[in-house]
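Chemist: Structure file run.cif, mmCIF, C-alpha atoms, is pasted below:
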data_model
loop_
_atom_site.label_atom_id
_atom_site.label_comp_id
_atom_site.auth_asym_id
_atom_site.auth_seq_id
_atom_site.Cartn_x
_atom_site.Cartn_y
_atom_site.Cartn_z
CA MET A 1 -41.28 -18.09 -10.25
CA ARG A 2 -37.86 -16.52 -9.72
CA ALA A 3 -38.96 -15.11 -6.35
CA GLN A 4 -40.19 -18.54 -5.25
CA LEU A 5 -36.89 -20.18 -6.21
CA LYS A 6 -34.99 -17.50 -4.31
CA LEU A 7 -37.16 -18.06 -1.23
CA ALA A 8 -36.67 -21.84 -1.48
CA LEU A 9 -32.90 -21.35 -1.66
CA VAL A 10 -32.92 -19.05 1.37
CA VAL A 11 -35.04 -21.53 3.35
CA ILE A 12 -32.59 -24.36 2.58
CA LEU A 13 -29.57 -22.21 3.44
CA THR A 14 -31.26 -21.12 6.68
CA GLY A 15 -31.77 -24.73 7.74
CA ILE A 16 -28.15 -25.57 6.89
CA GLY A 17 -26.74 -22.49 8.62
CA ALA A 18 -28.87 -22.91 11.74
CA GLY A 19 -28.01 -26.60 11.87
CA LEU A 20 -24.29 -25.91 11.62
CA GLY A 21 -24.56 -23.20 14.25
CA GLY A 22 -26.44 -25.43 16.67
CA MET A 23 -24.09 -28.35 16.08
CA LEU A 24 -20.96 -26.25 16.64
CA LEU A 25 -22.39 -24.71 19.82
CA ALA A 26 -23.25 -28.17 21.17
CA LEU A 27 -19.76 -29.47 20.36
CA LEU A 28 -18.25 -26.43 22.07
CA LEU A 29 -20.39 -27.11 25.13
CA HIS A 30 -19.22 -30.75 25.25
CA MET A 31 -15.58 -29.75 24.85
CA ILE A 32 -15.74 -27.23 27.71
CA GLN A 33 -17.56 -29.71 29.95
CA HIS A 34 -14.94 -32.38 29.32
CA LEU A 35 -12.02 -30.04 29.88
CA ALA A 36 -13.51 -28.36 32.94
CA TYR A 37 -14.42 -31.54 34.81
CA GLY A 38 -11.86 -33.92 33.27
CA TYR A 39 -14.03 -36.63 31.73
CA GLY A 40 -14.73 -38.01 28.24
CA GLN A 41 -12.00 -35.95 26.60
CA ASP A 42 -11.46 -38.50 23.84
CA ALA A 43 -14.64 -37.50 21.95
CA LEU A 44 -16.36 -34.13 21.82
CA SER A 45 -19.63 -35.76 20.75
CA SER A 46 -19.42 -38.32 23.56
CA HIS A 47 -22.77 -38.95 25.22
CA GLU A 48 -21.15 -39.71 28.56
CA SER A 49 -23.26 -38.20 31.30
CA PHE A 50 -22.33 -34.70 32.48
CA LEU A 51 -23.67 -35.67 35.90
CA LEU A 52 -21.29 -38.62 36.03
CA GLY A 53 -18.37 -36.38 35.08
CA VAL A 54 -19.27 -33.79 37.70
CA SER A 55 -19.78 -36.41 40.41
CA SER A 56 -16.39 -37.95 39.61
CA ALA A 57 -14.58 -34.59 39.82
CA SER A 58 -13.00 -33.54 43.10
CA VAL A 59 -14.86 -31.10 45.32
CA GLN A 60 -12.07 -28.55 44.89
CA ARG A 61 -12.48 -28.77 41.12
CA ARG A 62 -16.23 -28.18 41.32
CA VAL A 63 -15.76 -25.00 43.34
CA ALA A 64 -12.90 -23.77 41.16
CA VAL A 65 -14.80 -24.37 37.91
CA MET A 66 -17.90 -22.59 39.21
CA ALA A 67 -15.78 -19.64 40.40
CA LEU A 68 -14.31 -19.51 36.90
CA CYS A 69 -17.87 -19.57 35.54
CA GLY A 70 -18.65 -16.50 37.65
CA VAL A 71 -15.58 -14.64 36.39
CA VAL A 72 -16.18 -15.47 32.71
CA GLY A 73 -19.91 -14.85 32.83
CA GLY A 74 -19.78 -11.75 34.98
CA LEU A 75 -17.02 -9.97 33.05
CA GLY A 76 -18.32 -11.24 29.72
CA TRP A 77 -21.86 -9.95 30.10
CA TRP A 78 -20.63 -6.75 31.71
CA ALA A 79 -18.49 -6.15 28.60
CA VAL A 80 -21.38 -6.99 26.26
CA TYR A 81 -23.70 -4.51 27.98
CA ARG A 82 -20.93 -1.92 28.33
CA TRP A 83 -19.54 -1.87 24.79
CA GLY A 84 -21.88 -3.94 22.64
CA ARG A 85 -24.86 -2.72 20.69
CA PRO A 86 -28.24 -3.23 22.42
CA LEU A 87 -29.37 -6.84 22.21
CA VAL A 88 -32.39 -7.70 20.10
CA SER A 89 -34.28 -10.76 21.32
CA ILE A 90 -35.84 -13.26 18.94
CA LYS A 91 -39.30 -12.12 20.02
CA GLN A 92 -38.39 -8.55 19.08
CA ALA A 93 -36.81 -9.65 15.80
CA VAL A 94 -40.02 -11.40 14.70
CA GLY A 95 -42.25 -8.59 15.97
CA ASP A 96 -43.97 -5.87 13.98
CA LYS A 97 -40.94 -3.56 13.86
CA ALA A 98 -38.58 -6.44 12.98
CA PRO A 99 -35.35 -4.82 14.22
CA LEU A 100 -32.11 -6.41 13.02
CA MET A 101 -30.09 -8.49 15.46
CA PRO A 102 -26.57 -7.07 15.96
CA VAL A 103 -24.13 -9.71 14.74
CA LYS A 104 -21.20 -9.33 17.17
CA THR A 105 -23.32 -8.72 20.26
CA THR A 106 -25.66 -11.63 19.50
CA LEU A 107 -22.77 -14.04 18.90
CA ALA A 108 -21.02 -12.94 22.10
CA HIS A 109 -24.29 -13.32 24.03
CA ALA A 110 -24.82 -16.84 22.64
CA LEU A 111 -21.24 -17.94 23.32
CA LEU A 112 -21.39 -16.72 26.92
CA GLN A 113 -24.54 -18.77 27.49
CA ILE A 114 -22.91 -21.91 26.11
CA ILE A 115 -19.69 -21.41 28.09
CA THR A 116 -21.43 -20.78 31.40
CA VAL A 117 -23.89 -23.66 31.00
CA ALA A 118 -20.98 -25.95 30.11
CA LEU A 119 -19.17 -24.87 33.27
CA GLY A 120 -22.23 -25.59 35.41
CA SER A 121 -24.72 -22.72 35.22
CA PRO A 122 -28.23 -23.91 36.19
CA LEU A 123 -29.81 -22.16 33.19
CA GLY A 124 -30.64 -23.79 29.85
CA ARG A 125 -28.57 -23.84 26.67
CA GLU A 126 -31.45 -23.67 24.18
CA VAL A 127 -31.56 -19.90 23.71
CA ALA A 128 -28.04 -19.71 22.22
CA PRO A 129 -28.66 -21.96 19.17
CA ARG A 130 -31.99 -20.23 18.60
CA GLU A 131 -30.27 -16.85 18.57
CA VAL A 132 -27.58 -18.05 16.17
CA GLY A 133 -30.20 -19.64 13.90
CA ALA A 134 -32.25 -16.45 13.90
CA LEU A 135 -29.12 -14.42 13.14
CA VAL A 136 -28.29 -16.68 10.17
CA ALA A 137 -31.83 -16.32 8.85
CA SER A 138 -31.77 -12.54 9.30
CA THR A 139 -28.50 -12.24 7.38
CA LEU A 140 -29.75 -14.40 4.52
CA SER A 141 -33.04 -12.52 4.39
CA GLN A 142 -31.24 -9.19 4.06
CA TRP A 143 -29.06 -10.64 1.31
CA ALA A 144 -32.14 -11.85 -0.59
CA ARG A 145 -34.06 -8.61 0.12
CA LEU A 146 -37.16 -10.46 1.22
CA PRO A 147 -40.35 -8.59 2.18
CA VAL A 148 -40.71 -7.68 5.86
CA ALA A 149 -43.39 -10.30 6.58
CA THR A 150 -41.30 -13.04 4.97
CA HIS A 151 -38.20 -11.79 6.78
CA ARG A 152 -39.92 -12.08 10.16
CA LEU A 153 -41.14 -15.60 9.38
CA LEU A 154 -37.71 -16.68 8.20
CA VAL A 155 -36.07 -15.38 11.37
CA ALA A 156 -38.55 -17.42 13.42
CA CYS A 157 -37.80 -20.49 11.29
CA GLY A 158 -34.08 -20.01 11.83
CA ALA A 159 -34.62 -19.98 15.58
CA GLY A 160 -36.68 -23.17 15.37
CA ALA A 161 -34.04 -24.85 13.22
CA GLY A 162 -31.36 -24.02 15.79
CA LEU A 163 -33.49 -25.61 18.50
CA ALA A 164 -34.12 -28.65 16.30
CA ALA A 165 -30.40 -29.09 15.60
CA VAL A 166 -29.14 -28.97 19.17
CA TYR A 167 -31.88 -31.20 20.63
CA ASN A 168 -32.69 -33.40 17.60
CA VAL A 169 -36.34 -32.31 17.60
CA PRO A 170 -37.32 -31.57 13.97
CA LEU A 171 -41.06 -31.52 14.64
CA GLY A 172 -40.65 -29.74 17.98
CA GLY A 173 -38.62 -26.97 16.34
CA ALA A 174 -41.31 -26.41 13.73
CA VAL A 175 -44.17 -26.44 16.24
CA PHE A 176 -42.21 -24.01 18.44
CA VAL A 177 -42.04 -21.59 15.51
CA LEU A 178 -45.78 -21.73 14.85
CA GLU A 179 -47.04 -21.77 18.44
CA VAL A 180 -44.56 -19.53 20.25
CA LEU A 181 -42.87 -17.23 17.74
CA VAL A 182 -45.47 -16.80 14.99
CA GLY A 183 -48.57 -17.48 17.09
CA SER A 184 -50.69 -18.63 14.16
CA PHE A 185 -50.91 -21.35 11.54
CA THR A 186 -50.68 -20.90 7.79
CA TRP A 187 -49.54 -23.46 5.26
CA PRO A 188 -46.62 -21.35 3.95
CA ALA A 189 -45.38 -20.78 7.51
CA ALA A 190 -45.80 -24.46 8.39
CA LEU A 191 -43.92 -25.62 5.30
CA MET A 192 -41.06 -23.20 5.91
CA ALA A 193 -40.86 -24.16 9.60
CA LEU A 194 -40.92 -27.89 8.88
CA ALA A 195 -38.31 -27.61 6.13
CA THR A 196 -35.83 -25.51 8.10
CA SER A 197 -36.21 -27.59 11.28
CA ALA A 198 -35.83 -30.89 9.42
CA ILE A 199 -32.72 -29.64 7.61
CA GLY A 200 -31.30 -28.21 10.83
CA ALA A 201 -31.84 -31.47 12.72
CA SER A 202 -30.27 -33.54 9.94
CA ILE A 203 -27.21 -31.26 9.87
CA GLY A 204 -26.93 -31.65 13.64
CA TRP A 205 -26.76 -35.44 13.20
CA LEU A 206 -23.37 -35.04 11.47
CA GLY A 207 -21.65 -33.98 14.68
CA LEU A 208 -24.05 -34.97 17.43
CA GLY A 209 -25.66 -38.16 16.18
CA ALA A 210 -29.37 -38.90 16.13
CA GLU A 211 -29.67 -39.85 19.78
CA ALA A 212 -32.67 -39.16 22.01
CA GLN A 213 -32.04 -36.60 24.75
CA TYR A 214 -33.39 -38.91 27.46
CA VAL A 215 -33.34 -42.70 27.54
CA LEU A 216 -36.41 -44.07 29.30
CA PRO A 217 -37.17 -47.53 30.63
CA LYS A 218 -40.46 -49.17 29.79
CA LEU A 219 -43.12 -47.25 31.73
CA PRO A 220 -46.48 -48.90 32.42
CA LEU A 221 -49.75 -47.16 31.61
CA SER A 222 -52.66 -47.63 34.00
CA ALA A 223 -55.96 -46.09 35.03
CA SER A 224 -54.31 -44.88 38.24
CA LEU A 225 -51.74 -42.93 36.23
CA ILE A 226 -54.46 -41.30 34.13
CA ALA A 227 -56.28 -40.33 37.33
CA PHE A 228 -53.03 -38.83 38.63
CA ALA A 229 -52.71 -36.76 35.45
CA LEU A 230 -56.27 -35.48 35.75
CA ILE A 231 -56.06 -34.58 39.43
CA CYS A 232 -52.49 -33.29 39.67
CA GLY A 233 -52.31 -31.53 36.31
CA PRO A 234 -53.71 -28.27 37.74
CA LEU A 235 -51.18 -28.40 40.59
CA PHE A 236 -48.35 -28.27 38.06
CA GLY A 237 -50.00 -25.24 36.45
CA ILE A 238 -50.21 -23.40 39.78
CA ALA A 239 -46.57 -24.25 40.52
CA ALA A 240 -45.50 -23.14 37.05
CA HIS A 241 -47.29 -19.83 37.53
CA GLY A 242 -45.28 -19.26 40.70
CA PHE A 243 -42.08 -20.24 38.91
CA VAL A 244 -42.75 -17.74 36.12
CA ARG A 245 -43.34 -14.97 38.64
CA LEU A 246 -40.17 -15.91 40.54
CA THR A 247 -37.93 -15.95 37.48
CA GLY A 248 -39.63 -12.93 35.95
CA HIS A 249 -38.97 -10.89 39.08
CA ALA A 250 -35.33 -12.06 39.08
CA ARG A 251 -34.87 -11.01 35.45
CA GLN A 252 -36.50 -7.62 36.01
CA HIS A 253 -34.03 -6.91 38.81
CA ALA A 254 -30.99 -8.53 37.19
CA ALA A 255 -27.65 -6.98 38.13
CA ARG A 256 -26.08 -4.52 35.74
CA GLY A 257 -22.99 -2.33 35.79
CA TRP A 258 -20.31 -3.11 38.37
CA GLN A 259 -22.73 -5.26 40.35
CA LEU A 260 -22.93 -7.86 37.57
CA PRO A 261 -19.38 -9.32 37.79
CA VAL A 262 -19.45 -9.14 41.59
CA LEU A 263 -22.80 -10.90 42.03
CA ALA A 264 -22.02 -13.40 39.28
CA LEU A 265 -18.79 -14.44 41.02
CA LEU A 266 -20.52 -14.73 44.39
CA ASN A 267 -23.49 -16.60 42.99
CA PHE A 268 -21.59 -19.20 40.98
CA THR A 269 -18.97 -19.74 43.69
CA LEU A 270 -21.74 -20.38 46.20
CA ILE A 271 -23.34 -22.86 43.79
CA GLY A 272 -19.98 -24.61 43.55
CA CYS A 273 -19.84 -24.85 47.34
CA VAL A 274 -23.31 -26.38 47.46
CA ALA A 275 -22.24 -28.80 44.72
CA ILE A 276 -19.65 -30.23 47.11
CA TYR A 277 -22.54 -32.02 48.80
CA VAL A 278 -25.12 -32.09 45.97
CA PRO A 279 -23.32 -32.40 42.60
CA GLN A 280 -26.64 -33.05 40.86
CA ILE A 281 -27.45 -29.32 40.93
CA LEU A 282 -24.73 -28.40 38.43
CA GLY A 283 -25.80 -27.87 34.85
CA ASN A 284 -29.13 -27.12 33.24
CA GLY A 285 -31.05 -29.89 35.01
CA LYS A 286 -30.75 -32.72 32.52
CA GLY A 287 -29.06 -34.95 35.10
CA PRO A 288 -31.78 -34.77 37.77
CA ALA A 289 -34.48 -35.15 35.11
CA GLN A 290 -32.84 -38.31 33.76
CA LEU A 291 -32.52 -39.71 37.28
CA GLY A 292 -36.19 -38.95 37.82
CA PHE A 293 -37.25 -40.68 34.61
CA ASP A 294 -35.16 -43.70 35.61
CA SER A 295 -36.91 -43.82 39.02
CA GLU A 296 -33.51 -43.46 40.69
CA LEU A 297 -34.42 -40.50 42.91
CA GLY A 298 -35.93 -40.94 46.34
CA ILE A 299 -38.52 -38.49 47.61
CA GLY A 300 -36.10 -36.88 50.08
CA LEU A 301 -33.38 -36.18 47.50
CA ALA A 302 -35.97 -35.03 44.96
CA ALA A 303 -37.33 -32.51 47.48
CA LEU A 304 -33.82 -31.21 48.21
CA LEU A 305 -32.95 -30.90 44.52
CA LEU A 306 -36.27 -29.16 43.82
CA VAL A 307 -35.71 -26.47 46.44
CA VAL A 308 -32.06 -25.93 45.50
CA LYS A 309 -32.85 -25.85 41.76
CA LEU A 310 -35.50 -23.18 42.27
CA LEU A 311 -33.17 -21.07 44.44
CA ILE A 312 -30.10 -21.23 42.19
CA THR A 313 -32.08 -20.68 38.99
CA SER A 314 -33.62 -17.47 40.33
CA SER A 315 -30.37 -16.33 41.98
CA THR A 316 -28.45 -16.87 38.73
CA LEU A 317 -30.93 -14.75 36.79
CA ARG A 318 -30.78 -12.12 39.54
CA ALA A 319 -26.98 -12.08 39.31
CA GLY A 320 -27.27 -11.05 35.65
CA ALA A 321 -26.48 -14.34 33.90
CA GLU A 322 -28.42 -15.32 30.79
CA GLY A 323 -29.80 -18.63 29.57
CA GLY A 324 -32.97 -20.53 28.87
CA LEU A 325 -35.55 -22.07 31.17
CA LEU A 326 -36.65 -25.01 29.03
CA THR A 327 -34.50 -27.76 30.56
CA PRO A 328 -34.62 -26.23 34.06
CA GLY A 329 -38.41 -26.14 33.84
CA LEU A 330 -38.52 -29.72 32.64
CA ALA A 331 -36.32 -30.82 35.55
CA ILE A 332 -38.33 -28.87 38.12
CA GLY A 333 -41.55 -30.42 36.83
CA ALA A 334 -40.06 -33.91 37.06
CA LEU A 335 -38.83 -33.34 40.61
CA LEU A 336 -42.18 -31.94 41.74
CA ALA A 337 -43.94 -34.90 40.14
CA ILE A 338 -41.78 -37.33 42.11
CA LEU A 339 -42.98 -35.73 45.34
CA LEU A 340 -46.62 -35.82 44.26
CA GLY A 341 -46.18 -39.33 42.85
CA GLY A 342 -44.70 -40.50 46.12
CA LEU A 343 -47.81 -39.32 47.95
CA TRP A 344 -50.02 -40.86 45.27
CA SER A 345 -48.24 -44.20 45.67
CA LEU A 346 -49.19 -44.34 49.33
CA ALA A 347 -52.77 -44.92 48.25
CA TRP A 348 -52.20 -46.52 44.82
CA PRO A 349 -48.82 -48.25 44.82
CA GLY A 350 -47.20 -50.01 41.90
CA ILE A 351 -46.40 -47.12 39.55
CA PRO A 352 -42.68 -46.31 39.09
CA LEU A 353 -41.78 -42.74 40.03
CA GLY A 354 -40.36 -42.24 36.54
CA ALA A 355 -43.87 -42.34 35.07
CA PHE A 356 -44.97 -39.51 37.37
CA ALA A 357 -41.80 -37.58 36.54
CA LEU A 358 -42.45 -37.72 32.80
CA ILE A 359 -46.02 -36.46 33.17
CA GLY A 360 -44.98 -33.70 35.55
CA ALA A 361 -42.12 -32.57 33.29
CA ALA A 362 -44.50 -32.10 30.36
CA ALA A 363 -47.22 -30.39 32.40
CA PHE A 364 -44.85 -27.97 34.12
CA LEU A 365 -42.95 -27.18 30.92
CA ALA A 366 -46.18 -26.46 29.04
CA SER A 367 -47.32 -23.82 31.54
CA SER A 368 -43.96 -22.33 32.50
CA MET A 369 -43.09 -21.69 28.84
CA SER A 370 -46.68 -21.02 27.66
CA MET A 371 -46.42 -23.62 24.91
CA PRO A 372 -48.71 -26.62 25.53
CA ILE A 373 -48.51 -28.19 22.07
CA THR A 374 -44.77 -27.62 21.76
CA ALA A 375 -44.21 -29.14 25.20
CA ILE A 376 -46.06 -32.32 24.27
CA VAL A 377 -44.13 -32.66 21.01
CA LEU A 378 -40.79 -31.91 22.67
CA ILE A 379 -41.34 -34.49 25.42
CA ALA A 380 -42.30 -37.07 22.78
CA GLU A 381 -39.14 -36.34 20.76
CA PHE A 382 -36.88 -35.95 23.79
CA THR A 383 -37.83 -39.36 25.17
CA ARG A 384 -39.38 -41.25 22.23
CA ILE A 385 -42.10 -42.57 24.51
CA ASP A 386 -44.75 -45.04 23.46
CA HIS A 387 -47.68 -43.45 21.67
CA ASP A 388 -50.19 -44.56 24.31
CA PHE A 389 -48.32 -42.67 27.03
CA LEU A 390 -49.36 -39.41 25.37
CA VAL A 391 -52.83 -39.81 26.90
CA PRO A 392 -51.90 -38.97 30.51
CA ILE A 393 -49.37 -36.39 29.31
CA ILE A 394 -52.00 -34.52 27.29
CA LEU A 395 -54.52 -34.67 30.14
CA ALA A 396 -51.96 -33.27 32.59
CA VAL A 397 -50.92 -30.53 30.16
CA VAL A 398 -54.53 -29.43 29.63
CA GLY A 399 -55.16 -29.22 33.37
CA SER A 400 -51.87 -27.45 33.97
CA VAL A 401 -52.40 -24.79 31.30
CA CYS A 402 -55.99 -24.13 32.41
CA ALA A 403 -54.90 -23.67 36.04
CA SER A 404 -51.97 -21.46 35.05
CA ARG A 405 -54.15 -19.19 32.93
CA LEU A 406 -56.72 -19.00 35.70
CA CYS A 407 -53.95 -17.84 38.04
CA GLU A 408 -52.93 -15.18 35.52
CA LYS A 409 -56.52 -14.00 35.20
CA ILE A 410 -56.93 -13.78 38.97
CA LYS A 411 -53.63 -11.89 39.25
CA SER A 412 -54.70 -9.38 36.58
CA VAL A 413 -58.01 -8.54 38.30
CA PRO A 414 -57.57 -5.23 40.18
CA PRO A 415 -58.39 -5.31 43.88
CA ARG A 416 -61.84 -4.07 44.80
CA ILE A 417 -61.77 -0.82 46.74
CA PRO A 418 -64.53 -0.66 49.35
CA ALA A 419 -66.89 2.25 48.97
CA ILE A 420 -66.55 5.07 51.48
CA PRO A 421 -69.70 5.23 53.62
#
Show me this structure written as structure tokens.
Modeler:
Amino acid sequence: MRAQLKLALVVILTGIGAGLGGMLLALLLHMIQHLAYGYGQDALSSHESFLLGVSSASVQRRVAVMALCGVVGGLGWWAVYRWGRPLVSIKQAVGDKAPLMPVKTTLAHALLQIITVALGSPLGREVAPREVGALVASTLSQWARLPVATHRLLVACGAGAGLAAVYNVPLGGAVFVLEVLVGSFTWPAALMALATSAIGASIGWLGLGAEAQYVLPKLPLSASLIAFALICGPLFGIAAHGFVRLTGHARQHAARGWQLPVLALLNFTLIGCVAIYVPQILGNGKGPAQLGFDSELGIGLAALLLVVKLLITSSTLRAGAEGGLLTPGLAIGALLAILLGGLWSLAWPGIPLGAFALIGAAAFLASSMSMPITAIVLIAEFTRIDHDFLVPIILAVVGSVCASRLCEKIKSVPPRIPAIP
């Protein structure tokens, strides 16, 4: 009984700690965005669009801020790798060996991600709150002297609670823990994941509010849209497979040593120069995704943003910067869906491009992150869509994941060597 009470206390404290960590990181991100681009400085929790702030900033400011991003990120990560203890990822921390996450190095790594994303890095911000949440859980678990298996589960729950806090996705955070980090379902794990994520999300409301990440117009559901999901779902899976290979190759060859600050400065400055003409590329991709959901992107601009987003995401990883791929993947899926939806509308007009974008975002995210159930739940919580709209989303996700896994299976088959006559 005493052990159960201690575990319950640690679970509650993990949710609170991860929620506070996620909330503070999000507020820091907003503050840096407002200061860097000179908008919405009256409220750190302001929901004024980052895209609007960037578009309103002068072209000289965009280039200068991105150059600063390269200096801060390049020197910061170079210092972390040079003098910090080896980083322990969340996947490693919840693995069989369950190594402890170094406190100072992990915090520095998370802060650098938030700072660079706030300044305009094309990578996602979701890894930082997950790392902080996992670190909180690990510290509490050591204090309570929990068994190794419970320690690993609690660390995973802390990561999910951090995600739930920063994005206001209590169910998505819990499902992420079970599907991605734990990889199995048990009632104790589910209860711990749900509790920590719900507490984390509610703590996040204190500073960030309970707003949806994306505000969607009313999107119609039709037989044509369901047919689009069935036919084009596999195409998103094939594209996601290519995206994973592209970003994986960039990460494997990421700059280290003296090359890191040099390439980071060059990469981010170049992105700033491109942003003179296409300000939508700055940031993790939330802006283009929202424009896509609102049906405010034409096919030509969507194609341009898609190509540029792919290039700068991979180049940023290659330059040695760190960050997540959740929001970038969602944006890329939405942009690709606008192109496919535009072609679809030539034969079956009448569907707003935003409906295609929403389906594509879910399908691409599911395969690129290898989390089909989590992707569906996240999209539902991100956008608060009507329940009926889940039908085409689920169909597209199923087709996408099947195609992606088929591509992986084909890739893993060794080439056949012809017999020597």
Chemist: Name the residues that the PyMOL selection byres ((chain A and resi 30-37) around 12) pulls out of this structure, and write them as a PyMOL selection string.
Modeler: chain A and resi 23-29+38-69+111-112+114-121+125+166+207-208+279+282-283
Chemist: List the residues matched by the PyMOL selection byres ((chain A and resi 334) around 12) in the displayed structure as a PyMOL selection string, ordered by chain and then by residue number.
Modeler: chain A and resi 236+285-295+297+299+302-303+305-306+309+327-333+335-341+353-365+379
Chemist: Pull C-alpha atoms from the residues just selected and write them as a PDB file, keeping the file's coordinate frame.
Modeler:
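Everything below was put into part14.pdb:
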ATOM      1  CA  PHE A 236     -48.350 -28.270  38.060  1.00  0.00           C
ATOM      2  CA  GLY A 285     -31.050 -29.890  35.010  1.00  0.00           C
ATOM      3  CA  LYS A 286     -30.750 -32.720  32.520  1.00  0.00           C
ATOM      4  CA  GLY A 287     -29.060 -34.950  35.100  1.00  0.00           C
ATOM      5  CA  PRO A 288     -31.780 -34.770  37.770  1.00  0.00           C
ATOM      6  CA  ALA A 289     -34.480 -35.150  35.110  1.00  0.00           C
ATOM      7  CA  GLN A 290     -32.840 -38.310  33.760  1.00  0.00           C
ATOM      8  CA  LEU A 291     -32.520 -39.710  37.280  1.00  0.00           C
ATOM      9  CA  GLY A 292     -36.190 -38.950  37.820  1.00  0.00           C
ATOM     10  CA  PHE A 293     -37.250 -40.680  34.610  1.00  0.00           C
ATOM     11  CA  ASP A 294     -35.160 -43.700  35.610  1.00  0.00           C
ATOM     12  CA  SER A 295     -36.910 -43.820  39.020  1.00  0.00           C
ATOM     13  CA  LEU A 297     -34.420 -40.500  42.910  1.00  0.00           C
ATOM     14  CA  ILE A 299     -38.520 -38.490  47.610  1.00  0.00           C
ATOM     15  CA  ALA A 302     -35.970 -35.030  44.960  1.00  0.00           C
ATOM     16  CA  ALA A 303     -37.330 -32.510  47.480  1.00  0.00           C
ATOM     17  CA  LEU A 305     -32.950 -30.900  44.520  1.00  0.00           C
ATOM     18  CA  LEU A 306     -36.270 -29.160  43.820  1.00  0.00           C
ATOM     19  CA  LYS A 309     -32.850 -25.850  41.760  1.00  0.00           C
ATOM     20  CA  THR A 327     -34.500 -27.760  30.560  1.00  0.00           C
ATOM     21  CA  PRO A 328     -34.620 -26.230  34.060  1.00  0.00           C
ATOM     22  CA  GLY A 329     -38.410 -26.140  33.840  1.00  0.00           C
ATOM     23  CA  LEU A 330     -38.520 -29.720  32.640  1.00  0.00           C
ATOM     24  CA  ALA A 331     -36.320 -30.820  35.550  1.00  0.00           C
ATOM     25  CA  ILE A 332     -38.330 -28.870  38.120  1.00  0.00           C
ATOM     26  CA  GLY A 333     -41.550 -30.420  36.830  1.00  0.00           C
ATOM     27  CA  LEU A 335     -38.830 -33.340  40.610  1.00  0.00           C
ATOM     28  CA  LEU A 336     -42.180 -31.940  41.740  1.00  0.00           C
ATOM     29  CA  ALA A 337     -43.940 -34.900  40.140  1.00  0.00           C
ATOM     30  CA  ILE A 338     -41.780 -37.330  42.110  1.00  0.00           C
ATOM     31  CA  LEU A 339     -42.980 -35.730  45.340  1.00  0.00           C
ATOM     32  CA  LEU A 340     -46.620 -35.820  44.260  1.00  0.00           C
ATOM     33  CA  GLY A 341     -46.180 -39.330  42.850  1.00  0.00           C
ATOM     34  CA  LEU A 353     -41.780 -42.740  40.030  1.00  0.00           C
ATOM     35  CA  GLY A 354     -40.360 -42.240  36.540  1.00  0.00           C
ATOM     36  CA  ALA A 355     -43.870 -42.340  35.070  1.00  0.00           C
ATOM     37  CA  PHE A 356     -44.970 -39.510  37.370  1.00  0.00           C
ATOM     38  CA  ALA A 357     -41.800 -37.580  36.540  1.00  0.00           C
ATOM     39  CA  LEU A 358     -42.450 -37.720  32.800  1.00  0.00           C
ATOM     40  CA  ILE A 359     -46.020 -36.460  33.170  1.00  0.00           C
ATOM     41  CA  GLY A 360     -44.980 -33.700  35.550  1.00  0.00           C
ATOM     42  CA  ALA A 361     -42.120 -32.570  33.290  1.00  0.00           C
ATOM     43  CA  ALA A 362     -44.500 -32.100  30.360  1.00  0.00           C
ATOM     44  CA  ALA A 363     -47.220 -30.390  32.400  1.00  0.00           C
ATOM     45  CA  PHE A 364     -44.850 -27.970  34.120  1.00  0.00           C
ATOM     46  CA  LEU A 365     -42.950 -27.180  30.920  1.00  0.00           C
ATOM     47  CA  ILE A 379     -41.340 -34.490  25.420  1.00  0.00           C
TER      48      ILE A 379
END
Chemist: Under the PyMOL selection byres ((chain A and resi 211) around 12), which residues of this model are included? Write them out as a list in words.
Modeler: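 Those residues are Ser45, Ser46, His47, Ala165, Val166, Tyr167, Asn168, Val169, Ala201, Ser202, Gly204, Trp205, Leu206, Gly207, Leu208, Gly209, Ala210, Ala212, Gln213, Tyr214, Val215, Glu381, Phe382, Thr383 and Arg384 of chain A.
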Chemist: Output the selection as an mmCIF file, in the coordinates of the input - C-alpha atoms for each residue.
Modeler:
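Here's the written file again-v5.cif:
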data_model
loop_
_atom_site.group_PDB
_atom_site.id
_atom_site.type_symbol
_atom_site.label_atom_id
_atom_site.label_comp_id
_atom_site.auth_asym_id
_atom_site.auth_seq_id
_atom_site.Cartn_x
_atom_site.Cartn_y
_atom_site.Cartn_z
ATOM 1 C CA SER A 45 -19.630 -35.760 20.750
ATOM 2 C CA SER A 46 -19.420 -38.320 23.560
ATOM 3 C CA HIS A 47 -22.770 -38.950 25.220
ATOM 4 C CA ALA A 165 -30.400 -29.090 15.600
ATOM 5 C CA VAL A 166 -29.140 -28.970 19.170
ATOM 6 C CA TYR A 167 -31.880 -31.200 20.630
ATOM 7 C CA ASN A 168 -32.690 -33.400 17.600
ATOM 8 C CA VAL A 169 -36.340 -32.310 17.600
ATOM 9 C CA ALA A 201 -31.840 -31.470 12.720
ATOM 10 C CA SER A 202 -30.270 -33.540 9.940
ATOM 11 C CA GLY A 204 -26.930 -31.650 13.640
ATOM 12 C CA TRP A 205 -26.760 -35.440 13.200
ATOM 13 C CA LEU A 206 -23.370 -35.040 11.470
ATOM 14 C CA GLY A 207 -21.650 -33.980 14.680
ATOM 15 C CA LEU A 208 -24.050 -34.970 17.430
ATOM 16 C CA GLY A 209 -25.660 -38.160 16.180
ATOM 17 C CA ALA A 210 -29.370 -38.900 16.130
ATOM 18 C CA ALA A 212 -32.670 -39.160 22.010
ATOM 19 C CA GLN A 213 -32.040 -36.600 24.750
ATOM 20 C CA TYR A 214 -33.390 -38.910 27.460
ATOM 21 C CA VAL A 215 -33.340 -42.700 27.540
ATOM 22 C CA GLU A 381 -39.140 -36.340 20.760
ATOM 23 C CA PHE A 382 -36.880 -35.950 23.790
ATOM 24 C CA THR A 383 -37.830 -39.360 25.170
ATOM 25 C CA ARG A 384 -39.380 -41.250 22.230
#
